[in-house]
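Q: Dropping in my_file.txt, which is compact mmCIF, C-alpha atoms and all ligand atoms:
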```txt
# COMPACT_ATOMS: atom_id res chain seq x y z
CA MET A 1 20.03 -114.78 99.77
CA SER A 2 19.76 -112.07 97.13
CA GLU A 3 16.42 -110.46 96.47
CA VAL A 4 14.05 -112.20 94.09
CA LEU A 5 11.53 -110.39 91.92
CA LYS A 6 8.06 -111.95 92.18
CA VAL A 7 6.25 -111.86 88.83
CA ALA A 8 2.55 -112.65 88.22
CA LEU A 9 1.89 -113.77 84.66
CA PRO A 10 -1.55 -114.21 83.07
CA LYS A 11 -2.36 -117.85 82.41
CA GLY A 12 -2.94 -118.70 78.75
CA ARG A 13 -1.78 -117.59 75.33
CA LEU A 14 -0.93 -114.03 76.34
CA GLY A 15 1.10 -115.25 79.32
CA GLU A 16 3.20 -117.54 77.17
CA LYS A 17 3.95 -114.74 74.70
CA VAL A 18 4.85 -112.44 77.56
CA TYR A 19 7.07 -115.04 79.23
CA SER A 20 8.99 -115.42 75.95
CA MET A 21 9.68 -111.67 76.14
CA PHE A 22 10.98 -111.98 79.72
CA ALA A 23 13.16 -114.92 78.62
CA ALA A 24 14.50 -112.96 75.64
CA CYS A 25 15.50 -110.22 78.07
CA GLY A 26 17.55 -112.67 80.16
CA TYR A 27 14.97 -113.62 82.81
CA GLU A 28 14.41 -117.18 81.66
CA CYS A 29 13.00 -119.94 83.86
CA PRO A 30 12.54 -122.95 81.54
CA GLU A 31 10.70 -124.98 84.18
CA LEU A 32 7.78 -122.57 83.72
CA LEU A 33 6.86 -124.17 80.40
CA SER A 34 7.35 -127.76 81.58
CA GLY A 35 3.61 -128.35 81.99
CA SER A 36 4.17 -129.11 85.67
CA ARG A 37 1.34 -128.55 88.15
CA LYS A 38 3.69 -126.56 90.35
CA LEU A 39 2.46 -123.04 90.96
CA ILE A 40 5.65 -121.11 91.68
CA PHE A 41 8.79 -121.30 89.54
CA THR A 42 12.02 -119.71 90.69
CA ASN A 43 15.32 -119.13 88.94
CA GLU A 44 17.60 -118.15 91.82
CA GLU A 45 20.46 -117.27 89.49
CA LYS A 46 18.30 -114.78 87.58
CA ARG A 47 16.66 -113.61 90.85
CA VAL A 48 13.19 -114.08 89.47
CA SER A 49 10.16 -116.06 90.58
CA TYR A 50 7.10 -116.56 88.34
CA PHE A 51 3.57 -117.70 88.97
CA TRP A 52 0.60 -118.10 86.62
CA VAL A 53 -2.69 -116.55 87.72
CA LYS A 54 -6.02 -115.85 86.04
CA PRO A 55 -5.56 -112.76 83.83
CA SER A 56 -8.10 -110.78 85.83
CA ASP A 57 -6.30 -111.68 89.10
CA VAL A 58 -2.86 -110.32 88.10
CA SER A 59 -3.67 -106.80 89.28
CA VAL A 60 -4.97 -108.14 92.62
CA TYR A 61 -1.67 -109.93 93.34
CA VAL A 62 0.32 -106.88 92.30
CA GLU A 63 -1.81 -104.26 94.06
CA ARG A 64 -1.56 -106.16 97.35
CA GLY A 65 2.16 -106.87 97.00
CA ALA A 66 1.95 -110.68 96.72
CA ALA A 67 3.68 -110.08 93.39
CA ASP A 68 6.16 -107.24 92.84
CA ILE A 69 5.28 -106.91 89.19
CA GLY A 70 2.91 -108.50 86.70
CA VAL A 71 1.51 -108.30 83.23
CA CYS A 72 -2.13 -107.72 82.44
CA GLY A 73 -4.26 -106.26 79.68
CA LYS A 74 -5.13 -102.58 79.71
CA ASP A 75 -8.78 -103.74 79.84
CA ILE A 76 -8.19 -105.02 83.39
CA LEU A 77 -6.61 -101.70 84.39
CA PHE A 78 -9.57 -99.76 82.96
CA GLU A 79 -12.05 -102.04 84.67
CA TYR A 80 -10.55 -102.38 88.16
CA GLU A 81 -8.41 -99.24 88.35
CA PRO A 82 -5.90 -100.95 90.67
CA ASP A 83 -3.53 -98.74 92.66
CA VAL A 84 -0.34 -99.82 90.84
CA TYR A 85 2.26 -98.26 88.57
CA GLU A 86 1.92 -98.95 84.86
CA LEU A 87 5.52 -99.19 83.65
CA ALA A 88 5.47 -100.30 80.03
CA ASP A 89 3.27 -101.13 77.08
CA LEU A 90 4.45 -104.56 75.94
CA LYS A 91 2.75 -104.10 72.55
CA THR A 92 1.41 -107.62 72.51
CA GLY A 93 -2.07 -108.95 73.22
CA ILE A 94 -3.30 -106.12 71.01
CA CYS A 95 -7.07 -105.86 70.76
CA ARG A 96 -9.80 -103.34 71.54
CA MET A 97 -12.74 -102.82 73.85
CA ALA A 98 -15.82 -102.34 71.72
CA VAL A 99 -19.58 -102.20 71.59
CA ALA A 100 -21.14 -104.79 69.28
CA ALA A 101 -24.70 -105.70 68.35
CA PRO A 102 -26.64 -107.82 65.86
CA GLU A 103 -26.54 -106.48 62.27
CA SER A 104 -30.23 -105.59 62.50
CA PHE A 105 -29.99 -103.63 65.76
CA THR A 106 -31.10 -100.01 65.88
CA ASP A 107 -30.97 -98.14 69.14
CA ASP A 108 -34.28 -96.92 70.55
CA LEU A 109 -33.29 -94.01 72.77
CA SER A 110 -36.61 -94.08 74.61
CA ARG A 111 -35.74 -97.49 76.09
CA THR A 112 -33.09 -98.53 78.60
CA LEU A 113 -30.30 -100.26 76.68
CA LYS A 114 -29.48 -103.77 77.88
CA VAL A 115 -25.70 -104.28 77.85
CA ALA A 116 -24.10 -107.69 78.48
CA THR A 117 -20.47 -107.59 79.59
CA LYS A 118 -17.68 -108.78 81.86
CA PHE A 119 -16.60 -105.14 82.06
CA GLY A 120 -19.34 -103.44 84.06
CA HIS A 121 -17.26 -100.46 85.10
CA ILE A 122 -16.03 -99.74 81.57
CA ALA A 123 -19.57 -100.04 80.19
CA SER A 124 -21.04 -97.78 82.91
CA GLU A 125 -18.44 -95.07 82.35
CA TYR A 126 -18.79 -95.23 78.59
CA TYR A 127 -22.57 -94.91 78.56
CA SER A 128 -22.67 -92.42 81.40
CA ASP A 129 -20.44 -90.11 79.31
CA LEU A 130 -22.97 -90.48 76.50
CA GLY A 131 -25.85 -89.83 78.91
CA ARG A 132 -27.42 -93.13 77.87
CA ASP A 133 -29.50 -95.09 80.36
CA ILE A 134 -28.37 -98.73 80.55
CA ASP A 135 -29.05 -101.96 82.35
CA ILE A 136 -25.85 -103.98 82.80
CA ILE A 137 -26.07 -107.76 82.59
CA HIS A 138 -22.90 -109.22 84.12
CA LEU A 139 -21.64 -112.37 82.43
CA ASN A 140 -18.36 -114.26 82.80
CA GLY A 141 -17.75 -115.49 79.25
CA SER A 142 -19.25 -116.17 75.81
CA ILE A 143 -20.66 -112.65 75.94
CA GLU A 144 -21.57 -112.80 72.23
CA LEU A 145 -24.33 -115.26 73.06
CA ALA A 146 -26.36 -112.69 75.00
CA PRO A 147 -27.80 -110.62 72.11
CA LEU A 148 -28.37 -113.78 70.05
CA LEU A 149 -30.74 -115.09 72.71
CA GLY A 150 -32.36 -111.76 73.52
CA LEU A 151 -30.65 -111.47 76.89
CA SER A 152 -29.17 -108.11 75.88
CA ASP A 153 -29.36 -105.53 73.08
CA VAL A 154 -25.61 -105.01 72.78
CA ILE A 155 -22.36 -106.26 74.29
CA VAL A 156 -19.25 -104.50 75.53
CA ASP A 157 -16.34 -106.87 75.02
CA ILE A 158 -12.84 -107.45 73.72
CA VAL A 159 -12.50 -107.77 69.94
CA GLU A 160 -9.25 -109.15 68.62
CA THR A 161 -9.61 -110.55 65.09
CA GLY A 162 -13.37 -109.92 64.89
CA THR A 163 -13.95 -113.60 64.02
CA THR A 164 -16.29 -114.32 66.94
CA LEU A 165 -18.47 -111.34 66.01
CA ARG A 166 -18.53 -112.20 62.29
CA GLU A 167 -19.34 -115.86 62.84
CA ASN A 168 -22.29 -114.90 65.01
CA GLY A 169 -23.82 -112.18 62.85
CA LEU A 170 -22.70 -109.39 65.17
CA LYS A 171 -21.23 -106.08 64.13
CA GLU A 172 -18.80 -103.79 65.90
CA ARG A 173 -20.57 -100.46 66.52
CA GLU A 174 -18.10 -98.33 68.42
CA THR A 175 -14.56 -98.74 69.65
CA ILE A 176 -14.24 -97.73 73.30
CA ALA A 177 -10.47 -98.07 73.75
CA PRO A 178 -7.40 -99.83 72.37
CA VAL A 179 -6.03 -102.59 74.61
CA SER A 180 -2.58 -104.21 74.94
CA ALA A 181 -0.52 -105.96 77.62
CA ARG A 182 1.01 -103.70 80.26
CA LEU A 183 3.81 -104.26 82.76
CA ILE A 184 2.57 -103.17 86.20
CA SER A 185 4.33 -102.82 89.54
CA ASN A 186 3.32 -102.78 93.16
CA LYS A 187 4.03 -99.28 94.50
CA ALA A 188 6.05 -100.32 97.58
CA SER A 189 8.00 -102.94 95.60
CA TYR A 190 8.89 -100.24 93.13
CA MET A 191 10.43 -98.22 95.95
CA PHE A 192 12.38 -101.10 97.46
CA LYS A 193 13.40 -102.92 94.27
CA LYS A 194 13.59 -99.91 92.00
CA ASP A 195 16.88 -100.81 90.31
CA MET A 196 15.80 -104.37 89.49
CA ILE A 197 12.38 -103.28 88.27
CA ASP A 198 13.67 -100.35 86.22
CA GLU A 199 16.25 -102.58 84.55
CA LEU A 200 13.65 -105.18 83.67
CA ALA A 201 11.11 -102.59 82.48
CA ALA A 202 13.72 -100.94 80.24
CA LYS A 203 14.74 -104.28 78.69
CA LEU A 204 11.11 -105.32 78.16
CA GLY A 205 10.25 -101.91 76.68
CA LYS A 206 13.13 -102.29 74.22
CA GLU A 207 12.12 -105.88 73.41
CA ALA A 208 8.53 -104.70 72.81
CA SER A 209 9.63 -101.91 70.45
CA GLY A 210 11.76 -104.34 68.46
CA ARG A 211 8.79 -106.62 67.70
C1 LIG B 301 -12.44 -113.15 73.97
C2 LIG B 301 -13.55 -112.12 73.84
C3 LIG B 301 -14.25 -112.53 72.57
C4 LIG B 301 -13.11 -113.10 71.73
C5 LIG B 301 -12.69 -112.07 70.71
O1 LIG B 301 -13.01 -114.29 74.51
O2 LIG B 301 -14.39 -112.13 74.97
O3 LIG B 301 -15.21 -113.52 72.83
O4 LIG B 301 -12.03 -113.38 72.62
O5 LIG B 301 -11.68 -112.58 69.86
P1 LIG B 301 -11.82 -112.48 68.27
O6 LIG B 301 -12.21 -111.07 67.92
O7 LIG B 301 -10.43 -112.81 67.78
O8 LIG B 301 -12.82 -113.47 67.82
P2 LIG B 301 -12.15 -115.42 75.22
O9 LIG B 301 -11.58 -116.32 74.19
O10 LIG B 301 -11.17 -114.78 76.14
O11 LIG B 301 -13.24 -116.23 76.04
P3 LIG B 301 -14.59 -115.81 76.78
O12 LIG B 301 -15.67 -115.86 75.75
O13 LIG B 301 -14.74 -116.86 77.82
O14 LIG B 301 -14.42 -114.43 77.35
```
Would you give me this structure, written as structure tokens?

A:
Amino acid sequence: MSEVLKVALPKGRLGEKVYSMFAACGYECPELLSGSRKLIFTNEEKRVSYFWVKPSDVSVYVERGAADIGVCGKDILFEYEPDVYELADLKTGICRMAVAAPESFTDDLSRTLKVATKFGHIASEYYSDLGRDIDIIHLNGSIELAPLLGLSDVIVDIVETGTTLRENGLKERETIAPVSARLISNKASYMFKKDMIDELAAKLGKEASGR
């Protein structure tokens, strides 16, 4: 049997957009969008096998070689710093990592700043560079709720359209970094399947630039 490339895709809207890019590049696997509860979808002819995983798990599968390649947001790469190769910016899933706070917030430098976030590492690095003392409150979702209920002073989170902030009376204070979807590869897979991976990365890079 010829070699198959194992691809971890992030479940959800971003994953579907990204899959359409793979399909446009000739790596289609229509069964993937069938709504089936199956977890692994293979197109033998195209030598590709896909599986959906939680966006924050993509880098785990790729780093450990359960997937040869995968697609995840740059936010995940900043946060977990997985030992993988970053091969291409897919120029989709574009958003930014930012600090936001209620309109009325003013920072009191004599107090420890309470920061709610899913991205503890990013927040620590950002504030440590500023020399600002912080207390990180780790949450798993609906981060915007934290300052509204007094759980935190500010949040560090993804902002895409800014709608969630606006509708909750929050204001973006600083942009920490731009974020977009990245193609990543396991390091050993890249050695052993270099030709396949390079070909796919080049096609995806071209597809991304044409968008
Ligand atoms: C993300 C992010 C913000 C929102 C930003 O949440 O955490 O809440 O999207 O998008 P916007 O600027 O377009 O409003 P997600 O939908 O992933 O869910 P979560 O709250 O569970 O993290």

Q: Pick out the residues sitting within 9 Å of A:Tyr85, and hand them over as a ChimeraX atom specification; count all atoms listed in the file, and ignore anything fewer than 2 positions along from it in its own chain.

A: /A:82-83,87,183-187,190

Q: Here is a test: counting only C-alpha atoms, which residue of A:Leu145, A:Met191, A:Leu33, A:Leu113 is nearest to A:Arg13?

A: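 Checking each candidate against A:Arg13, we get A:Leu33 as the closest.
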
Q: Return the single residue from A:Ser56, A:Ser110, A:Thr161, A:Ser152 that is closest to ligand LIG 301 (chain B), with distances computed using only C-alpha atoms and all ligand atoms.

A: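 Distance minimum relative to ligand LIG 301 (chain B) lands on A:Thr161.
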
Q: Padding of 3 Å on every side, edges along x, y and z, all listed atoms of stretch 9-23 of chain A included: what centre and edge lengths in Å, to one decimal, does that box have, as lines of an AutoDock Vina configuration file?

A:
```
center_x = 5.1
center_y = -115.2
center_z = 79.7
size_x = 22.1
size_y = 13.0
size_z = 16.0
```

Q: Go through A:Lys54, A:Asp75, A:Ile134, A:Val7 and flag the residue nearest A:Gly93, using all atoms listed in the file for the distances.

A: A:Asp75

Q: Using Å and a single decimal, report how far atom CA of A:Val18 sits from atom CA of A:Gly120.

A: 26.6 Å

Q: Figure out the distance between atom CA of A:Pro55 and atom CA of A:Lys11, please, to one decimal in Å.

A: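 Computing the Euclidean distance for atom CA of A:Lys11 and atom CA of A:Pro55 yields 6.2 Å.
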
Q: Find the residues near A:Asp135: any atom within 10 Å, counting all atoms listed in the file, skip ones fewer than 2 places away on the same chain, and give them as a count of residues only.

A: 13

Q: How would you write, as a PyMOL selection string, the set of residues no farther than 12 Å from ligand LIG 301 (chain B) when counting only C-alpha atoms and all ligand atoms?

A: chain A and resi 10-14+54-56+73+75+93-100+116-119+139-146+155-168+170-172

Q: Please determine, counting all atoms listed in the file, which residue among A:Lys74, A:Tyr127, A:Ala88, A:Leu151 has the shortest atom-to-atom distance to A:Glu174.

A: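 Among A:Lys74, A:Tyr127, A:Ala88, A:Leu151, it is A:Tyr127 that comes nearest to A:Glu174.
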
Q: Contacts of A:Met21 at 9 Å or less, counting all atoms listed in the file, minus same-chain residues fewer than 5 places along, as a PyMOL selection string?

A: chain A and resi 16+26-27+90+204+207-208

Q: Can you work out which one of A:Leu5, A:Val60, A:Ile69, A:Met196 has the shortest atom-to-atom distance to A:Asn43, counting all atoms listed in the file?

A: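 Between A:Leu5, A:Val60, A:Ile69, A:Met196, the residue approaching A:Asn43 most closely is A:Leu5.
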
Q: Which residue, A:Ala8, A:Leu200, A:Val84, A:Val48, has the smallest gap to A:Tyr61 when you use only C-alpha atoms?

A: A:Ala8

Q: Hey, can you check how far atom CA of A:Val62 sits from atom CA of A:Cys25?

A: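 Separating atom CA of A:Val62 from atom CA of A:Cys25 is a distance of 21.1 Å.
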
Q: So that I can check the surroundings of A:Leu39, please list as a list in words every protein, DNA and RNA residue that reaches within 10 Å of it, counting only C-alpha atoms and ignoring chain neighbours fewer than 4 positions away.

A: Leu32, Tyr50, Phe51, Trp52 and Val53 of chain A
